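Data file: work-v7.tsv. Format and content: TSV, C-alpha atoms and all ligand atoms.
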```tsv
chain	number	residue	atom	x	y	z
A	1	MET	CA	-15.78	-6.14	-0.83
A	2	GLU	CA	-16.40	-9.28	1.21
A	3	ASN	CA	-13.97	-11.34	3.26
A	4	VAL	CA	-11.23	-8.74	3.24
A	5	LEU	CA	-8.69	-10.90	5.06
A	6	ALA	CA	-8.99	-13.58	2.34
A	7	ILE	CA	-8.44	-10.93	-0.34
A	8	ILE	CA	-5.42	-9.57	1.56
A	9	LYS	CA	-4.01	-13.13	1.63
A	10	LYS	CA	-4.68	-13.56	-2.07
A	11	ARG	CA	-2.98	-10.33	-3.18
A	12	GLU	CA	0.60	-10.66	-4.35
A	13	SER	CA	2.75	-8.51	-6.62
A	14	ILE	CA	2.27	-9.46	-10.26
A	15	ARG	CA	5.02	-8.29	-12.60
A	16	ALA	CA	4.20	-10.29	-15.76
A	17	TYR	CA	0.86	-9.65	-17.48
A	18	ASN	CA	-0.98	-11.24	-20.37
A	19	PRO	CA	-0.66	-8.64	-23.16
A	20	ALA	CA	-3.47	-10.25	-25.15
A	21	ARG	CA	-6.13	-9.63	-22.49
A	22	SER	CA	-7.27	-6.12	-21.75
A	23	VAL	CA	-9.29	-5.29	-18.64
A	24	TYR	CA	-13.05	-5.69	-19.17
A	25	VAL	CA	-15.18	-2.54	-19.33
A	26	GLU	CA	-17.22	-3.60	-16.26
A	27	GLU	CA	-14.06	-3.97	-14.20
A	28	ARG	CA	-12.67	-0.66	-15.39
A	29	THR	CA	-15.92	1.06	-14.52
A	30	ARG	CA	-15.81	-0.46	-11.03
A	31	LEU	CA	-12.22	0.72	-10.56
A	32	GLU	CA	-13.11	4.20	-11.74
A	33	ALA	CA	-15.92	4.32	-9.17
A	34	CYS	CA	-13.42	3.26	-6.45
A	35	MET	CA	-10.99	5.97	-7.56
A	36	GLN	CA	-13.69	8.56	-6.98
A	37	GLU	CA	-14.83	7.05	-3.70
A	38	TYR	CA	-11.54	6.36	-1.95
A	39	CYS	CA	-9.69	9.62	-2.19
A	40	ALA	CA	-9.93	10.96	1.39
A	41	GLY	CA	-7.23	9.61	3.70
A	42	PRO	CA	-7.51	9.23	7.50
A	43	LEU	CA	-4.87	11.90	8.15
A	44	GLY	CA	-6.88	14.57	6.35
A	45	ASN	CA	-5.41	14.68	2.84
A	46	THR	CA	-7.21	14.23	-0.44
A	47	VAL	CA	-5.41	12.14	-3.04
A	48	ARG	CA	-6.11	11.70	-6.73
A	49	PHE	CA	-6.06	8.74	-9.11
A	50	LYS	CA	-5.94	8.19	-12.83
A	51	LEU	CA	-6.17	5.05	-14.97
A	52	LEU	CA	-3.64	5.38	-17.75
A	53	ASP	CA	-4.27	3.31	-20.86
A	54	LEU	CA	-0.97	2.93	-22.71
A	55	GLY	CA	-2.94	2.14	-25.87
A	56	LYS	CA	-4.02	5.77	-25.94
A	57	VAL	CA	-0.60	7.32	-25.49
A	58	SER	CA	1.45	8.69	-28.41
A	59	ARG	CA	4.31	6.54	-29.69
A	60	ASP	CA	6.93	9.04	-28.54
A	61	GLU	CA	5.55	9.27	-25.05
A	62	LEU	CA	5.05	5.49	-24.81
A	63	GLY	CA	8.81	4.98	-25.20
A	64	ARG	CA	9.38	7.10	-22.10
A	65	LEU	CA	6.84	5.37	-19.85
A	66	GLY	CA	9.13	2.68	-18.57
A	67	THR	CA	9.41	0.52	-15.47
A	68	TYR	CA	13.02	-0.50	-16.24
A	69	GLY	CA	11.83	-3.88	-17.46
A	70	VAL	CA	10.28	-4.74	-14.10
A	71	ILE	CA	6.71	-4.91	-15.43
A	72	ARG	CA	5.96	-6.92	-18.58
A	73	GLY	CA	2.85	-6.93	-20.75
A	74	ALA	CA	0.66	-4.44	-18.83
A	75	SER	CA	-1.21	-1.77	-20.75
A	76	LEU	CA	-3.26	-0.25	-17.95
A	77	TYR	CA	-1.74	1.60	-14.98
A	78	LEU	CA	-3.23	3.13	-11.85
A	79	LEU	CA	-1.45	6.40	-11.03
A	80	GLY	CA	-1.69	7.92	-7.54
A	81	ALA	CA	-0.99	11.60	-6.80
A	82	ALA	CA	-0.77	13.23	-3.37
A	83	PRO	CA	-0.24	16.78	-2.10
A	84	ASP	CA	3.13	17.61	-0.61
A	85	CYS	CA	1.69	17.78	2.94
A	86	ASP	CA	2.15	16.12	6.30
A	87	GLY	CA	0.54	12.65	6.30
A	88	ALA	CA	-0.20	12.67	2.56
A	89	LEU	CA	1.99	9.65	1.77
A	90	GLU	CA	0.23	7.62	4.46
A	91	ASP	CA	-3.08	8.78	3.03
A	92	LEU	CA	-2.02	7.78	-0.47
A	93	GLY	CA	-0.98	4.34	0.80
A	94	TYR	CA	-4.32	3.97	2.57
A	95	CYS	CA	-6.51	4.97	-0.39
A	96	MET	CA	-4.52	3.28	-3.14
A	97	GLU	CA	-4.35	-0.01	-1.24
A	98	ARG	CA	-8.15	0.11	-1.01
A	99	ILE	CA	-8.28	0.22	-4.83
A	100	ILE	CA	-5.60	-2.46	-5.14
A	101	LEU	CA	-7.59	-4.81	-2.90
A	102	GLU	CA	-10.71	-4.10	-4.92
A	103	SER	CA	-8.72	-5.01	-8.06
A	104	THR	CA	-7.62	-8.27	-6.40
A	105	ALA	CA	-11.25	-9.05	-5.57
A	106	LEU	CA	-12.07	-8.54	-9.25
A	107	GLY	CA	-9.38	-11.07	-10.23
A	108	LEU	CA	-6.92	-8.45	-11.46
A	109	GLY	CA	-3.18	-8.45	-10.81
A	110	THR	CA	-1.39	-5.39	-9.42
A	111	CYS	CA	2.07	-4.39	-8.18
A	112	TRP	CA	2.90	-1.35	-6.07
A	113	ILE	CA	5.71	0.53	-7.82
A	114	ALA	CA	7.26	3.50	-6.05
A	115	GLY	CA	10.89	3.13	-7.10
A	116	THR	CA	11.38	1.33	-10.41
A	117	PHE	CA	9.56	3.63	-12.84
A	118	ARG	CA	10.20	6.77	-14.89
A	119	ARG	CA	8.45	9.11	-12.49
A	120	SER	CA	8.66	12.28	-14.58
A	121	SER	CA	7.07	10.66	-17.66
A	122	PHE	CA	4.21	9.17	-15.66
A	123	ALA	CA	3.83	12.51	-13.84
A	124	ARG	CA	3.31	14.21	-17.20
A	125	GLN	CA	0.47	11.80	-17.94
A	126	MET	CA	-1.03	12.47	-14.51
A	127	GLY	CA	-0.96	16.21	-15.13
A	128	LEU	CA	0.38	17.08	-11.67
A	129	ALA	CA	-0.77	20.35	-10.12
A	130	GLU	CA	1.70	22.70	-8.44
A	131	GLY	CA	2.97	21.06	-5.24
A	132	GLU	CA	1.58	17.62	-6.07
A	133	LEU	CA	3.71	14.46	-6.03
A	134	LEU	CA	3.35	11.16	-7.88
A	135	PRO	CA	4.45	8.73	-5.16
A	136	ALA	CA	3.39	5.46	-6.77
A	137	ILE	CA	1.81	3.62	-9.67
A	138	SER	CA	0.56	0.08	-10.24
A	139	PRO	CA	-0.10	-1.94	-13.35
A	140	VAL	CA	-3.60	-3.42	-13.42
A	141	GLY	CA	-4.36	-6.45	-15.59
A	142	TYR	CA	-4.55	-10.20	-15.91
A	143	ALA	CA	-1.49	-12.15	-14.85
A	144	ALA	CA	0.50	-13.96	-17.53
A	145	ALA	CA	0.39	-17.74	-17.37
A	146	LYS	CA	4.09	-17.82	-16.44
A	147	LYS	CA	6.06	-15.55	-14.15
A	148	SER	CA	8.86	-13.62	-15.90
A	149	VAL	CA	12.52	-14.12	-14.99
A	150	VAL	CA	12.61	-10.61	-13.45
A	151	GLU	CA	9.56	-11.50	-11.42
A	152	LYS	CA	11.11	-14.69	-10.07
A	153	LEU	CA	14.34	-12.88	-9.22
A	154	MET	CA	12.53	-10.02	-7.49
A	155	LYS	CA	10.34	-12.37	-5.51
A	156	ARG	CA	13.35	-14.30	-4.32
A	157	GLY	CA	15.48	-11.19	-3.77
A	158	ALA	CA	12.90	-9.37	-1.68
A	159	GLY	CA	11.91	-12.61	0.08
A	160	SER	CA	8.44	-11.47	-0.91
A	161	ARG	CA	6.35	-14.17	0.60
A	162	GLN	CA	8.05	-13.94	3.99
A	163	ARG	CA	6.64	-11.81	6.74
A	164	LYS	CA	8.01	-10.97	10.19
A	165	PRO	CA	6.45	-12.88	13.11
A	166	TRP	CA	4.02	-11.12	15.45
A	167	SER	CA	6.69	-10.95	18.16
A	168	GLU	CA	8.79	-8.53	16.05
A	169	ILE	CA	6.05	-6.08	15.16
A	170	PHE	CA	3.28	-6.02	17.79
A	171	PHE	CA	4.02	-5.03	21.38
A	172	GLY	CA	2.51	-4.35	24.76
A	173	PRO	CA	2.55	-1.00	26.61
A	174	ASP	CA	6.34	-0.93	27.17
A	175	GLY	CA	6.94	-1.11	23.42
A	176	GLN	CA	9.16	-4.20	23.83
A	177	THR	CA	7.19	-7.11	25.20
A	178	PRO	CA	5.57	-9.01	22.31
A	179	LEU	CA	1.79	-8.91	22.21
A	180	SER	CA	0.16	-12.31	22.46
A	181	GLY	CA	-2.76	-13.40	20.32
A	182	GLU	CA	-4.86	-13.42	23.48
A	183	GLU	CA	-3.96	-9.79	24.24
A	184	ALA	CA	-4.87	-8.83	20.67
A	185	GLY	CA	-8.40	-10.02	21.44
A	186	ILE	CA	-10.98	-9.13	18.80
A	187	TYR	CA	-8.27	-7.25	16.90
A	188	GLY	CA	-6.37	-10.46	16.09
A	189	ASP	CA	-7.40	-10.55	12.43
A	190	ALA	CA	-6.88	-6.80	11.97
A	191	LEU	CA	-3.29	-7.19	13.24
A	192	GLU	CA	-2.74	-10.24	11.05
A	193	ALA	CA	-3.94	-8.15	8.08
A	194	VAL	CA	-1.29	-5.53	8.91
A	195	ARG	CA	1.39	-8.22	9.12
A	196	LEU	CA	0.54	-9.57	5.66
A	197	GLY	CA	0.65	-6.20	3.93
A	198	PRO	CA	2.94	-5.38	1.02
A	199	SER	CA	5.83	-2.98	1.63
A	200	ALA	CA	8.65	-1.60	-0.46
A	201	LEU	CA	11.55	-4.09	-0.48
A	202	ASN	CA	9.32	-6.10	1.84
A	203	SER	CA	10.80	-4.11	4.74
A	204	GLN	CA	7.58	-4.30	6.86
A	205	PRO	CA	8.31	-1.09	8.79
A	206	TRP	CA	5.03	-1.05	10.76
A	207	ARG	CA	5.01	-1.50	14.53
A	208	ILE	CA	1.86	-1.52	16.67
A	209	ILE	CA	1.75	-0.96	20.43
A	210	LYS	CA	-1.27	-1.69	22.60
A	211	ASP	CA	-1.35	0.60	25.63
A	212	ARG	CA	-2.63	-0.13	29.14
A	213	ALA	CA	-6.05	1.30	28.33
A	214	GLY	CA	-6.40	-1.12	25.40
A	215	HIS	CA	-5.75	1.41	22.60
A	216	PHE	CA	-3.64	0.58	19.55
A	217	HIS	CA	-0.96	2.98	18.25
A	218	LEU	CA	0.89	2.72	14.96
A	219	TYR	CA	4.57	3.58	14.59
A	220	LEU	CA	7.09	3.52	11.76
A	221	ARG	CA	10.47	1.85	12.23
A	222	GLU	CA	12.19	3.96	9.63
A	223	ARG	CA	15.25	2.82	7.70
A	224	ARG	CA	16.39	6.39	7.17
A	225	ILE	CA	18.92	5.84	4.41
A	226	TYR	CA	16.41	3.94	2.36
A	227	ASN	CA	13.32	6.02	3.20
A	228	ARG	CA	15.03	9.30	2.35
A	229	THR	CA	16.65	8.42	-0.99
A	230	LEU	CA	13.71	9.63	-3.09
A	231	GLY	CA	13.55	13.11	-1.57
A	232	LYS	CA	10.01	14.05	-0.64
A	233	ILE	CA	8.67	10.61	-1.49
A	234	ARG	CA	9.15	8.58	1.66
A	235	ILE	CA	8.33	5.06	0.58
A	236	GLN	CA	8.01	3.64	4.08
A	237	ASN	CA	5.37	6.24	4.94
A	238	ILE	CA	3.32	4.76	2.09
A	239	ASP	CA	3.86	1.32	3.66
A	240	VAL	CA	2.37	2.40	6.99
A	241	GLY	CA	-0.61	3.90	5.15
A	242	ILE	CA	-1.20	0.45	3.64
A	243	ALA	CA	-1.06	-1.00	7.18
A	244	MET	CA	-3.72	1.48	8.33
A	245	CYS	CA	-5.95	0.43	5.44
A	246	HIS	CA	-5.64	-3.28	6.23
A	247	PHE	CA	-6.30	-2.73	9.94
A	248	SER	CA	-9.41	-0.62	9.52
A	249	LEU	CA	-10.96	-2.73	6.75
A	250	VAL	CA	-10.62	-5.96	8.72
A	251	ALA	CA	-11.67	-4.33	12.01
A	252	LEU	CA	-14.78	-3.00	10.30
A	253	GLU	CA	-15.58	-6.41	8.90
A	254	LYS	CA	-15.40	-7.77	12.46
A	255	GLY	CA	-17.96	-5.18	13.47
A	256	ILE	CA	-15.45	-2.77	15.07
A	257	SER	CA	-15.90	0.63	13.53
A	258	GLY	CA	-13.46	3.40	14.28
A	259	LYS	CA	-10.82	5.60	12.74
A	260	TRP	CA	-7.14	6.45	12.76
A	261	VAL	CA	-6.31	9.81	14.32
A	262	ARG	CA	-3.15	11.76	15.08
A	263	GLU	CA	-3.17	12.02	18.87
A	264	ALA	CA	-1.72	15.13	20.43
A	265	GLN	CA	-0.24	13.30	23.44
A	266	ALA	CA	1.22	10.26	21.66
A	267	ARG	CA	3.93	8.35	23.51
A	268	GLN	CA	7.36	8.37	21.92
A	269	PHE	CA	9.59	5.30	21.76
A	270	THR	CA	13.27	5.25	20.79
A	271	GLY	CA	13.74	4.33	17.14
A	272	LEU	CA	10.06	4.62	16.31
A	273	THR	CA	8.20	7.47	14.59
A	274	TYR	CA	4.63	7.91	15.75
A	275	ILE	CA	2.04	7.78	12.96
A	276	ALA	CA	-1.49	7.49	14.41
A	277	GLY	CA	-3.74	5.86	16.99
A	278	TRP	CA	-6.85	3.75	16.42
A	279	GLN	CA	-9.96	5.26	17.95
A	280	ALA	CA	-12.74	2.71	18.13
A	281	ASP	CA	-16.26	4.09	18.13
A	282	TYR	CA	-17.06	1.80	21.08
A	283	LEU	CA	-14.37	0.24	23.23
A	301	LIG	C1	5.12	1.36	-1.36
A	301	LIG	C2	5.65	0.20	-2.16
A	301	LIG	C3	6.57	0.42	-3.16
A	301	LIG	C4	7.04	-0.63	-3.96
A	301	LIG	N1	7.90	-0.36	-4.99
A	301	LIG	C5	8.28	-1.37	-5.81
A	301	LIG	C6	9.09	-1.08	-6.95
A	301	LIG	O1	9.46	0.08	-7.21
A	301	LIG	N2	9.42	-2.11	-7.77
A	301	LIG	C7	9.00	-3.40	-7.54
A	301	LIG	O2	9.31	-4.27	-8.33
A	301	LIG	N3	8.25	-3.71	-6.44
A	301	LIG	C8	7.88	-2.72	-5.59
A	301	LIG	N4	7.07	-3.00	-4.51
A	301	LIG	C9	6.59	-4.40	-4.28
A	301	LIG	C10	7.26	-5.08	-3.06
A	301	LIG	O3	8.56	-5.52	-3.40
A	301	LIG	C11	6.37	-6.26	-2.60
A	301	LIG	O4	5.11	-5.75	-2.21
A	301	LIG	C12	6.97	-7.01	-1.42
A	301	LIG	O5	8.18	-7.63	-1.79
A	301	LIG	C13	6.00	-8.10	-0.92
A	301	LIG	O6	5.65	-9.00	-1.95
A	301	LIG	P1	4.14	-9.25	-2.36
A	301	LIG	O7	3.57	-7.92	-2.80
A	301	LIG	O8	4.18	-10.24	-3.49
A	301	LIG	O9	3.40	-9.75	-1.15
A	301	LIG	C14	6.61	-1.97	-3.69
A	301	LIG	C15	5.70	-2.19	-2.65
A	301	LIG	C16	5.22	-1.12	-1.89
A	301	LIG	C17	4.21	-1.39	-0.82
```

Once more with this new file: its structure as structure tokens, please.
Amino acid sequence: MENVLAIIKKRESIRAYNPARSVYVEERTRLEACMQEYCAGPLGNTVRFKLLDLGKVSRDELGRLGTYGVIRGASLYLLGAAPDCDGALEDLGYCMERIILESTALGLGTCWIAGTFRRSSFARQMGLAEGELLPAISPVGYAAAKKSVVEKLMKRGAGSRQRKPWSEIFFGPDGQTPLSGEEAGIYGDALEAVRLGPSALNSQPWRIIKDRAGHFHLYLRERRIYNRTLGKIRIQNIDVGIAMCHFSLVALEKGISGKWVREAQARQFTGLTYIAGWQADYL
């Protein structure tokens, strides 16, 4: 995938698909290869994907595979399963976003769906193992020529195209002073890629703090009531996994290789939950 930041800018949630166009075999094959390749998350969990073709599902079952009218015209869905373990939702966000960006690069529309779908029916199609969760799905297909009414309402309602400014999400060592573009240095584009990421209800819960030694640390500003409504599936933990994906892909493209790790001595800040720190191979 080339020019990741441009692909990140191009991606947007597509909720209305062209029912007359099914995804080309070449594109499906490429996605299937990605599903095999991107299944190990940075926090140590292995996740699993399936492409579900609604054309191959029995009539009875098809009636149960709903998205409450949110998605129109899609016949192919990417299903993402994760173990019920610490860090697995972040890992799912990380790996699935990689596949979503690849789909965008191929000219396909997608939409992260973690709330508005019949989870148990899709879980049956996924064939979940004991202890596995189905945190999210996404339609994959060609966008319809016109956006649906639901789509327009959701875009307006979630203020989808808006993102928080740098000053509200990236900070210096004290966790309060906004980080300037100059202080971001060669990580400027990686941070911008985090800022532009998709998140459930567009809540953008990621916060990044650069410490005195120049290391970046990722935190979650959790909206507890919202993040805990789906039981074990913490939607905002998926969001921060997406942020980790954007950061590392763009950093790598800038020639900065490294990885996200859970640091034993991470600093705690009031109101923020520590997620991981970026460990560059060369600083
Ligand atoms: C983890 C996650 C879960 C989401 N769940 C839903 C959902 O259940 N239904 C929906 O219509 N959109 C859902 N979205 C899409 C967001 O509303 C959308 O990404 C956000 O408003 C930003 O808009 P954009 O994707 O067009 O940039 C979800 C996004 C993420 C990242």

Using all atoms listed in the file, which residues have at least one atom no more than 7 Å from ligand LIG 301 (chain A)? Output them as number ranges by chain. A: 11-13, 70, 111-117, 136, 154-155, 158-161, 197-202, 235-236, 238-239

May I ask for the distance between atom CA of Gly141 of chain A and atom CA of Met35 of chain A, given in Å to one decimal place?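 One can read the atom CA of Gly141 of chain A to atom CA of Met35 of chain A distance as 16.2 Å.
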
Just give me the gap between atom CA of Leu101 of chain A and atom CA of Trp278 of chain A in Å, one decimal is fine.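 If I compute the distance from atom CA of Leu101 of chain A to atom CA of Trp278 of chain A, I get 21.1 Å.
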
Which neighbours of Thr104 of chain A fall inside 9 Å, counting all atoms listed in the file, when residues of the same chain fewer than 2 positions from it are skipped, and could you give them as a CSV table (one decimal) with C-alpha atoms, in the coordinates of the input?
```csv
chain,number,residue,atom,x,y,z
A,7,ILE,CA,-8.4,-10.9,-0.3
A,8,ILE,CA,-5.4,-9.6,1.6
A,10,LYS,CA,-4.7,-13.6,-2.1
A,11,ARG,CA,-3.0,-10.3,-3.2
A,12,GLU,CA,0.6,-10.7,-4.4
A,99,ILE,CA,-8.3,0.2,-4.8
A,100,ILE,CA,-5.6,-2.5,-5.1
A,101,LEU,CA,-7.6,-4.8,-2.9
A,102,GLU,CA,-10.7,-4.1,-4.9
A,106,LEU,CA,-12.1,-8.5,-9.2
A,107,GLY,CA,-9.4,-11.1,-10.2
A,108,LEU,CA,-6.9,-8.4,-11.5
A,109,GLY,CA,-3.2,-8.4,-10.8
A,110,THR,CA,-1.4,-5.4,-9.4
```

Between atom CA of Ala105 of chain A and atom CA of Gly69 of chain A, measure the distance and give it in Å to one decimal. 26.5 Å

Which of A:Leu191, A:Met1, A:Ala82, A:Val140 sits closest to Ile233 of chain A [using all atoms listed in the file]: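 Of A:Leu191, A:Met1, A:Ala82, A:Val140, the one nearest Ile233 of chain A, counting all atoms listed in the file, is A:Ala82.
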
Once you count all atoms listed in the file, which residues end up no further than 9 Å from (-1.8, 5.4, -16.5) in the file's frame, shown as a ChimeraX atom specification? /A:50-54,75-79,122,125-126,137-139

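Closest approach to Ser148 of chain A among A:Pro205, A:Gly93, A:Gly73, A:Pro83 is made by A:Gly73 (distances from only C-alpha atoms).
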
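The protein and nucleic acid residues lying at most 12 Å from Asn45 of chain A are Tyr38, Cys39, Ala81, Ala82, Pro83, Asp84, Cys85, Asp86, Gly87, Ala88, Leu89, Glu90, Asp91, Leu92, Gly93, Tyr94, Cys95 and Glu132 of chain A, with only C-alpha atoms considered and sequence neighbours fewer than 6 positions away removed.
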
With C-alpha atoms retained, write the just-selected residues as a tab-separated table (two decimals), keeping the file's coordinate frame.
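To be explicit, this is the file written out as part-v1.tsv:
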```tsv
chain	number	residue	atom	x	y	z
A	38	TYR	CA	-11.54	6.36	-1.95
A	39	CYS	CA	-9.69	9.62	-2.19
A	81	ALA	CA	-0.99	11.60	-6.80
A	82	ALA	CA	-0.77	13.23	-3.37
A	83	PRO	CA	-0.24	16.78	-2.10
A	84	ASP	CA	3.13	17.61	-0.61
A	85	CYS	CA	1.69	17.78	2.94
A	86	ASP	CA	2.15	16.12	6.30
A	87	GLY	CA	0.54	12.65	6.30
A	88	ALA	CA	-0.20	12.67	2.56
A	89	LEU	CA	1.99	9.65	1.77
A	90	GLU	CA	0.23	7.62	4.46
A	91	ASP	CA	-3.08	8.78	3.03
A	92	LEU	CA	-2.02	7.78	-0.47
A	93	GLY	CA	-0.98	4.34	0.80
A	94	TYR	CA	-4.32	3.97	2.57
A	95	CYS	CA	-6.51	4.97	-0.39
A	132	GLU	CA	1.58	17.62	-6.07
```

Neighbouring residues of Phe171 of chain A were defined as those with any atom within 10 Å, considering all atoms listed in the file; residues of the same chain fewer than 3 positions away were excluded. Please report them as a list in words. Trp166, Ser167, Glu168, Asp174, Gly175, Gln176, Thr177, Pro178, Leu179, Ser180, Glu183, Ala184, Arg207, Ile208, Ile209, Lys210, Asp211, Phe216 and His217 of chain A

Keeping only C-alpha atoms, write those residues as a compact mmCIF listing (two decimals), in the coordinates of the input.
```txt
# COMPACT_ATOMS: atom_id res chain seq x y z
CA TRP A 166 4.02 -11.12 15.45
CA SER A 167 6.69 -10.95 18.16
CA GLU A 168 8.79 -8.53 16.05
CA ASP A 174 6.34 -0.93 27.17
CA GLY A 175 6.94 -1.11 23.42
CA GLN A 176 9.16 -4.20 23.83
CA THR A 177 7.19 -7.11 25.20
CA PRO A 178 5.57 -9.01 22.31
CA LEU A 179 1.79 -8.91 22.21
CA SER A 180 0.16 -12.31 22.46
CA GLU A 183 -3.96 -9.79 24.24
CA ALA A 184 -4.87 -8.83 20.67
CA ARG A 207 5.01 -1.50 14.53
CA ILE A 208 1.86 -1.52 16.67
CA ILE A 209 1.75 -0.96 20.43
CA LYS A 210 -1.27 -1.69 22.60
CA ASP A 211 -1.35 0.60 25.63
CA PHE A 216 -3.64 0.58 19.55
CA HIS A 217 -0.96 2.98 18.25
```

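Nearest-residue note for Leu134 of chain A: choosing from A:Lys254, A:Arg234, A:Lys147, A:Lys56, the minimum distance belongs to A:Arg234, counting all atoms listed in the file.
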
Proximity to Trp260 of chain A - best of A:Cys34, A:Ala280, A:Val47, A:Ile225, only C-alpha atoms: A:Ala280

Is it possible to dump segment 72-89 of chain A as a PDB file, in the first residue's frame, including just N, CA and C atoms?
```pdb
ATOM      1  N   ARG A  72     -27.124  -0.158   3.291  1.00  0.00           N
ATOM      2  CA  ARG A  72     -27.992  -0.515   2.164  1.00  0.00           C
ATOM      3  C   ARG A  72     -27.180  -1.088   1.005  1.00  0.00           C
ATOM      4  N   GLY A  73     -27.685  -2.171   0.425  1.00  0.00           N
ATOM      5  CA  GLY A  73     -27.149  -2.654  -0.858  1.00  0.00           C
ATOM      6  C   GLY A  73     -25.863  -3.457  -0.816  1.00  0.00           C
ATOM      7  N   ALA A  74     -25.302  -3.714   0.385  1.00  0.00           N
ATOM      8  CA  ALA A  74     -24.028  -4.464   0.437  1.00  0.00           C
ATOM      9  C   ALA A  74     -24.301  -5.957   0.488  1.00  0.00           C
ATOM     10  N   SER A  75     -23.493  -6.741  -0.219  1.00  0.00           N
ATOM     11  CA  SER A  75     -23.697  -8.188  -0.131  1.00  0.00           C
ATOM     12  C   SER A  75     -22.454  -8.900   0.385  1.00  0.00           C
ATOM     13  N   LEU A  76     -21.385  -8.132   0.611  1.00  0.00           N
ATOM     14  CA  LEU A  76     -20.173  -8.743   1.160  1.00  0.00           C
ATOM     15  C   LEU A  76     -19.810  -8.033   2.470  1.00  0.00           C
ATOM     16  N   TYR A  77     -19.505  -8.816   3.485  1.00  0.00           N
ATOM     17  CA  TYR A  77     -19.145  -8.240   4.796  1.00  0.00           C
ATOM     18  C   TYR A  77     -17.845  -8.841   5.304  1.00  0.00           C
ATOM     19  N   LEU A  78     -17.024  -7.981   5.901  1.00  0.00           N
ATOM     20  CA  LEU A  78     -15.822  -8.441   6.596  1.00  0.00           C
ATOM     21  C   LEU A  78     -16.199  -8.588   8.069  1.00  0.00           C
ATOM     22  N   LEU A  79     -15.968  -9.771   8.623  1.00  0.00           N
ATOM     23  CA  LEU A  79     -16.302 -10.037  10.026  1.00  0.00           C
ATOM     24  C   LEU A  79     -14.998 -10.193  10.809  1.00  0.00           C
ATOM     25  N   GLY A  80     -14.884  -9.548  11.964  1.00  0.00           N
ATOM     26  CA  GLY A  80     -13.648  -9.622  12.744  1.00  0.00           C
ATOM     27  C   GLY A  80     -13.889 -10.210  14.125  1.00  0.00           C
ATOM     28  N   ALA A  81     -13.204 -11.313  14.430  1.00  0.00           N
ATOM     29  CA  ALA A  81     -13.353 -11.957  15.745  1.00  0.00           C
ATOM     30  C   ALA A  81     -12.073 -11.792  16.557  1.00  0.00           C
ATOM     31  N   ALA A  82     -12.239 -11.685  17.879  1.00  0.00           N
ATOM     32  CA  ALA A  82     -11.076 -11.506  18.763  1.00  0.00           C
ATOM     33  C   ALA A  82     -11.265 -12.349  20.019  1.00  0.00           C
ATOM     34  N   PRO A  83     -10.160 -12.807  20.624  1.00  0.00           N
ATOM     35  CA  PRO A  83     -10.307 -13.532  21.889  1.00  0.00           C
ATOM     36  C   PRO A  83     -10.727 -12.577  22.994  1.00  0.00           C
ATOM     37  N   ASP A  84     -11.301 -13.118  24.039  1.00  0.00           N
ATOM     38  CA  ASP A  84     -11.729 -12.294  25.166  1.00  0.00           C
ATOM     39  C   ASP A  84     -10.538 -12.110  26.109  1.00  0.00           C
ATOM     40  N   CYS A  85      -9.529 -11.340  25.656  1.00  0.00           N
ATOM     41  CA  CYS A  85      -8.278 -11.189  26.421  1.00  0.00           C
ATOM     42  C   CYS A  85      -7.905  -9.715  26.501  1.00  0.00           C
ATOM     43  N   ASP A  86      -7.009  -9.415  27.423  1.00  0.00           N
ATOM     44  CA  ASP A  86      -6.518  -8.053  27.576  1.00  0.00           C
ATOM     45  C   ASP A  86      -5.860  -7.581  26.268  1.00  0.00           C
ATOM     46  N   GLY A  87      -6.243  -6.425  25.788  1.00  0.00           N
ATOM     47  CA  GLY A  87      -5.627  -5.841  24.588  1.00  0.00           C
ATOM     48  C   GLY A  87      -6.177  -6.379  23.269  1.00  0.00           C
ATOM     49  N   ALA A  88      -7.109  -7.323  23.327  1.00  0.00           N
ATOM     50  CA  ALA A  88      -7.578  -7.952  22.079  1.00  0.00           C
ATOM     51  C   ALA A  88      -8.439  -7.011  21.238  1.00  0.00           C
ATOM     52  N   LEU A  89      -9.160  -6.088  21.885  1.00  0.00           N
ATOM     53  CA  LEU A  89      -9.991  -5.164  21.106  1.00  0.00           C
ATOM     54  C   LEU A  89      -9.117  -4.153  20.374  1.00  0.00           C
TER      55      LEU A  89
END
```
